[in-house]
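*Asks:* Can you read through this structure? Questions will come right after.
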Amino acid sequence: MIVCIEGVDGSGKSTQAELLATRFRSEGKNVLLLSYPDYESDTGKKIKEYLHGTEPVEVKSLFKMYLDDIVKDEDKIKEADKKGIVILSRYYTSTIAYQCAQGYNYSEAKRKVLNSGLPVPDMMVYLGVSAQESMYRKMKGGFVLDRHERNVFLIEDVLKVYRREMEEEFPGNKKWIAINGSRGIEEIQKQIWEEVSKVAAKSESKAAGKKLRT
Ligand code: ADP
């Protein structure tokens with residue numbers, strides 16, 4: 001099963017993804033946790049340079065860079081999905097949100113993502129926080145804010161694109177679960193676990209049914 005945790009910077013994705021991974025592991029499940037951008041990869045290093053630089057970069061190249069950073073893990077994600085749970089902190093839905101908020105064509109972005117061969121998650125967990133909360137948390141955490149994180153207007157626009165993706169149910173029917181991310185960490189985790197474990201149980205019984213038939 002693939003679960004994707006989405007939301008703007010500081011919405012709590014890493015925190016919640018780690019907690020979810022720990023919970024699944026404590027139940028004996030195989031878990032692959034991936035976070036994007038993947039700053040260890042060559043593409044991720046280029047993304048980091050861009051985020052901490054000031055040079056303008058064409059949005060089309062940015063979109064490609066962010067999507068390539070995910071596409072390189074396609075096989076890894078598909079394999080891990082067969083063996084257990086894949087938790088993704090950001091995915092192509094982030095690429096769409098951030099690049100379309102900066103002017104990239106939305107339909108084109110969706111088309112490129114659908115043609116990428118990347119698997120569609122079983123579930124999208126969206127952590128909703130305001131642009132102000134996003135910035136406040138990053139500053140409070142003592143992080144050096146990158147060019148996305150310090151731009152409140154960009155974050156507002158990113159929030160709008162996320163809303164559009166959710167309203168259109170992209171990338172699939174009834175996959176999004178919107179969670180109020182401005183509550184306490186434990187409370188949020190409890191709700192995520194309730195929702196995700198239901199889908200996990202369903203996906204396990206589906207897999208068991210397949211095995212019986214083969
Ligand atoms: P993201 O991965 O979405 O950027 P993080 O999980 O890294 O967000 O969290 C960003 C900062 O906000 C961290 O300092 C983290 O401890 C804090 N944080 C995460 N969730 C909450 C929450 N529900 N309430 C308050 N602070 C939070």
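Ligands are numbered from 1 in the order shown, residues from 1 within each chain, and chains are lettered A, B, ... in the order they appear in the structure tokens.
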At a cut-off of 9 Å and counting only C-alpha atoms and all ligand atoms, what residues surround ligand 1? Please answer as an NGL selection string.
*Replies:* :A and (5-18 or 35 or 89-90 or 127 or 133-134 or 136-143 or 181-189)
*Asks:* Take the selection from the previous step and output its residues with C-alpha atoms, as a JSON list (two decimals), in the first residue's frame.
*Replies:*
```
[["chain", "number", "residue", "atom", "x", "y", "z"],
["A", 5, "ILE", "CA", 1.46, 12.70, 3.19],
["A", 6, "GLU", "CA", 0.99, 16.12, 1.66],
["A", 7, "GLY", "CA", 0.88, 19.74, 2.72],
["A", 8, "VAL", "CA", 2.92, 22.93, 2.59],
["A", 9, "ASP", "CA", 6.29, 23.31, 4.32],
["A", 10, "GLY", "CA", 5.98, 23.00, 8.07],
["A", 11, "SER", "CA", 2.56, 21.34, 7.93],
["A", 12, "GLY", "CA", 4.01, 18.38, 9.82],
["A", 13, "LYS", "CA", 4.55, 15.86, 7.01],
["A", 14, "SER", "CA", 7.94, 14.53, 8.21],
["A", 15, "THR", "CA", 6.75, 14.38, 11.81],
["A", 16, "GLN", "CA", 3.59, 12.46, 10.91],
["A", 17, "ALA", "CA", 5.29, 10.24, 8.30],
["A", 18, "GLU", "CA", 7.89, 9.14, 10.89],
["A", 35, "SER", "CA", 10.76, 12.03, 1.45],
["A", 89, "SER", "CA", 6.37, 12.59, 2.47],
["A", 90, "ARG", "CA", 5.50, 14.66, -0.60],
["A", 127, "LEU", "CA", -2.26, 18.25, 6.42],
["A", 133, "GLU", "CA", 1.47, 28.77, 10.39],
["A", 134, "SER", "CA", 3.72, 27.17, 7.78],
["A", 136, "TYR", "CA", 5.96, 30.36, 11.79],
["A", 137, "ARG", "CA", 6.75, 26.66, 12.38],
["A", 138, "LYS", "CA", 9.76, 26.71, 10.09],
["A", 139, "MET", "CA", 11.13, 29.84, 11.77],
["A", 140, "LYS", "CA", 10.44, 28.49, 15.25],
["A", 141, "GLY", "CA", 12.23, 25.27, 14.37],
["A", 142, "GLY", "CA", 15.37, 27.35, 13.73],
["A", 143, "PHE", "CA", 15.53, 26.34, 10.07],
["A", 181, "GLY", "CA", -2.85, 20.10, 10.74],
["A", 182, "SER", "CA", -2.94, 22.92, 13.24],
["A", 183, "ARG", "CA", -3.77, 20.64, 16.18],
["A", 184, "GLY", "CA", -1.39, 18.73, 18.44],
["A", 185, "ILE", "CA", 0.99, 16.17, 16.94],
["A", 186, "GLU", "CA", -0.51, 13.21, 18.85],
["A", 187, "GLU", "CA", -4.09, 14.14, 18.02],
["A", 188, "ILE", "CA", -3.25, 14.40, 14.33],
["A", 189, "GLN", "CA", -1.39, 11.08, 14.39]]
```
*Asks:* Could you name the residues that touch stretch 197-209 of chain A at 12 Å or less, counting only C-alpha atoms, but leaving out those on the same chain fewer than 5 positions away, as a ChimeraX atom specification?
*Replies:* /A:1-3,20-21,23-24,27,29,81-87,121-125,174-177,189-192,214
*Asks:* Go through A:Val57, A:Lys45, A:Glu149, A:Glu165 one by one, measure the shortest atom-to-atom distance of each to A:Tyr92 using only C-alpha atoms, and give the residue with the smallest value.
*Replies:*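 The answer is A:Glu165, which sits nearest to A:Tyr92.
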*Asks:* Return as a list in words the full set of residues in stretch 6-43 of chain A whose backbone-based DSSP assignment is helix (DSSP H, G or I).
*Replies:* Lys13, Ser14, Thr15, Gln16, Ala17, Glu18, Leu19, Leu20, Ala21, Thr22, Arg23, Phe24, Arg25, Ser26, Asp42 and Thr43 of chain A
*Asks:* Could you tell me how far atom CA of A:Arg147 lies from atom CA of A:Val59, in Å and to one decimal?
*Replies:*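 Pair atom CA of A:Arg147 / atom CA of A:Val59 returns 14.0 Å.
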*Asks:* When you look at A:Phe170 with a cut-off of 12 Å (counting only C-alpha atoms), what residues show up, excluding the ones that are within fewer than 6 positions of it in the same chain? I need them as JSON, numbers by chain.
*Replies:* {"A": [92, 93, 94, 96, 97, 106, 107, 109, 110, 111, 113, 114, 120, 121, 122, 123, 124, 161, 162, 163, 164, 176]}
*Asks:* Quick one: pull the distance between atom CA of A:His52 and atom CA of A:Leu159, Å, one decimal.
*Replies:*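 Atom CA of A:Leu159 lies at a distance of 21.6 Å from atom CA of A:His52.
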*Asks:* Skip A:Leu62 itself and residues of its chain fewer than 4 positions away, then list as a ChimeraX atom specification all residues within 9 Å of it, counting only C-alpha atoms.
*Replies:* /A:47,50,57-58,66-67,95,99
*Asks:* Save the residues we just selected, all heavy atoms, as a PDB file, in the first residue's frame?
*Replies:*
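And here is the file that came out, again.pdb:
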```
ATOM      1  N   ILE A  47      18.206  20.627  -6.742  1.00  0.00           N
ATOM      2  CA  ILE A  47      17.020  21.290  -6.179  1.00  0.00           C
ATOM      3  C   ILE A  47      17.436  22.119  -4.964  1.00  0.00           C
ATOM      4  O   ILE A  47      17.007  23.260  -4.791  1.00  0.00           O
ATOM      5  CB  ILE A  47      15.936  20.245  -5.808  1.00  0.00           C
ATOM      6  CG1 ILE A  47      15.385  19.587  -7.066  1.00  0.00           C
ATOM      7  CG2 ILE A  47      14.812  20.891  -4.987  1.00  0.00           C
ATOM      8  CD1 ILE A  47      14.409  18.444  -6.843  1.00  0.00           C
ATOM      9  N   TYR A  50      19.045  25.266  -6.013  1.00  0.00           N
ATOM     10  CA  TYR A  50      18.019  26.216  -6.473  1.00  0.00           C
ATOM     11  C   TYR A  50      17.293  26.855  -5.273  1.00  0.00           C
ATOM     12  O   TYR A  50      17.149  28.078  -5.208  1.00  0.00           O
ATOM     13  CB  TYR A  50      17.019  25.510  -7.399  1.00  0.00           C
ATOM     14  CG  TYR A  50      15.641  26.138  -7.383  1.00  0.00           C
ATOM     15  CD1 TYR A  50      15.398  27.359  -8.026  1.00  0.00           C
ATOM     16  CD2 TYR A  50      14.593  25.538  -6.681  1.00  0.00           C
ATOM     17  CE1 TYR A  50      14.150  27.952  -7.963  1.00  0.00           C
ATOM     18  CE2 TYR A  50      13.344  26.129  -6.628  1.00  0.00           C
ATOM     19  CZ  TYR A  50      13.122  27.334  -7.265  1.00  0.00           C
ATOM     20  OH  TYR A  50      11.885  27.932  -7.188  1.00  0.00           O
ATOM     21  N   VAL A  57      15.046  30.390 -12.186  1.00  0.00           N
ATOM     22  CA  VAL A  57      15.079  29.150 -12.979  1.00  0.00           C
ATOM     23  C   VAL A  57      13.716  29.000 -13.643  1.00  0.00           C
ATOM     24  O   VAL A  57      12.679  29.241 -13.014  1.00  0.00           O
ATOM     25  CB  VAL A  57      15.359  27.906 -12.081  1.00  0.00           C
ATOM     26  CG1 VAL A  57      15.390  26.624 -12.918  1.00  0.00           C
ATOM     27  CG2 VAL A  57      16.666  28.058 -11.302  1.00  0.00           C
ATOM     28  N   GLU A  58      13.748  28.645 -14.914  1.00  0.00           N
ATOM     29  CA  GLU A  58      12.503  28.495 -15.674  1.00  0.00           C
ATOM     30  C   GLU A  58      11.623  27.424 -15.016  1.00  0.00           C
ATOM     31  O   GLU A  58      12.122  26.355 -14.650  1.00  0.00           O
ATOM     32  CB  GLU A  58      12.874  28.030 -17.075  1.00  0.00           C
ATOM     33  CG  GLU A  58      12.063  28.673 -18.168  1.00  0.00           C
ATOM     34  CD  GLU A  58      12.250  27.915 -19.467  1.00  0.00           C
ATOM     35  OE1 GLU A  58      13.313  27.300 -19.641  1.00  0.00           O
ATOM     36  OE2 GLU A  58      11.313  27.928 -20.267  1.00  0.00           O
ATOM     37  N   TYR A  66      12.024  18.365 -10.319  1.00  0.00           N
ATOM     38  CA  TYR A  66      11.295  17.792  -9.172  1.00  0.00           C
ATOM     39  C   TYR A  66      10.657  16.446  -9.531  1.00  0.00           C
ATOM     40  O   TYR A  66      10.649  15.522  -8.728  1.00  0.00           O
ATOM     41  CB  TYR A  66      10.211  18.765  -8.681  1.00  0.00           C
ATOM     42  CG  TYR A  66      10.720  19.839  -7.742  1.00  0.00           C
ATOM     43  CD1 TYR A  66      11.192  21.046  -8.217  1.00  0.00           C
ATOM     44  CD2 TYR A  66      10.721  19.641  -6.362  1.00  0.00           C
ATOM     45  CE1 TYR A  66      11.653  22.035  -7.355  1.00  0.00           C
ATOM     46  CE2 TYR A  66      11.176  20.620  -5.486  1.00  0.00           C
ATOM     47  CZ  TYR A  66      11.640  21.825  -5.985  1.00  0.00           C
ATOM     48  OH  TYR A  66      12.104  22.781  -5.124  1.00  0.00           O
ATOM     49  N   LEU A  67      10.118  16.351 -10.752  1.00  0.00           N
ATOM     50  CA  LEU A  67       9.473  15.083 -11.124  1.00  0.00           C
ATOM     51  C   LEU A  67      10.526  13.980 -11.319  1.00  0.00           C
ATOM     52  O   LEU A  67      10.346  12.858 -10.851  1.00  0.00           O
ATOM     53  CB  LEU A  67       8.616  15.271 -12.387  1.00  0.00           C
ATOM     54  CG  LEU A  67       7.700  14.099 -12.721  1.00  0.00           C
ATOM     55  CD1 LEU A  67       6.708  13.811 -11.593  1.00  0.00           C
ATOM     56  CD2 LEU A  67       6.921  14.349 -14.013  1.00  0.00           C
ATOM     57  N   THR A  95       4.860  18.429  -6.532  1.00  0.00           N
ATOM     58  CA  THR A  95       5.497  18.993  -7.729  1.00  0.00           C
ATOM     59  C   THR A  95       4.475  19.853  -8.469  1.00  0.00           C
ATOM     60  O   THR A  95       4.767  20.974  -8.882  1.00  0.00           O
ATOM     61  CB  THR A  95       6.010  17.847  -8.643  1.00  0.00           C
ATOM     62  OG1 THR A  95       6.710  16.914  -7.830  1.00  0.00           O
ATOM     63  CG2 THR A  95       6.893  18.362  -9.747  1.00  0.00           C
ATOM     64  N   GLN A  99       4.989  23.947  -8.549  1.00  0.00           N
ATOM     65  CA  GLN A  99       5.372  24.493  -9.850  1.00  0.00           C
ATOM     66  C   GLN A  99       4.201  25.209 -10.530  1.00  0.00           C
ATOM     67  O   GLN A  99       4.392  26.214 -11.207  1.00  0.00           O
ATOM     68  CB  GLN A  99       5.948  23.389 -10.748  1.00  0.00           C
ATOM     69  CG  GLN A  99       7.455  23.263 -10.650  1.00  0.00           C
ATOM     70  CD  GLN A  99       7.982  23.217  -9.227  1.00  0.00           C
ATOM     71  OE1 GLN A  99       8.556  24.186  -8.753  1.00  0.00           O
ATOM     72  NE2 GLN A  99       7.774  22.097  -8.536  1.00  0.00           N
TER      73      GLN A  99
END
```
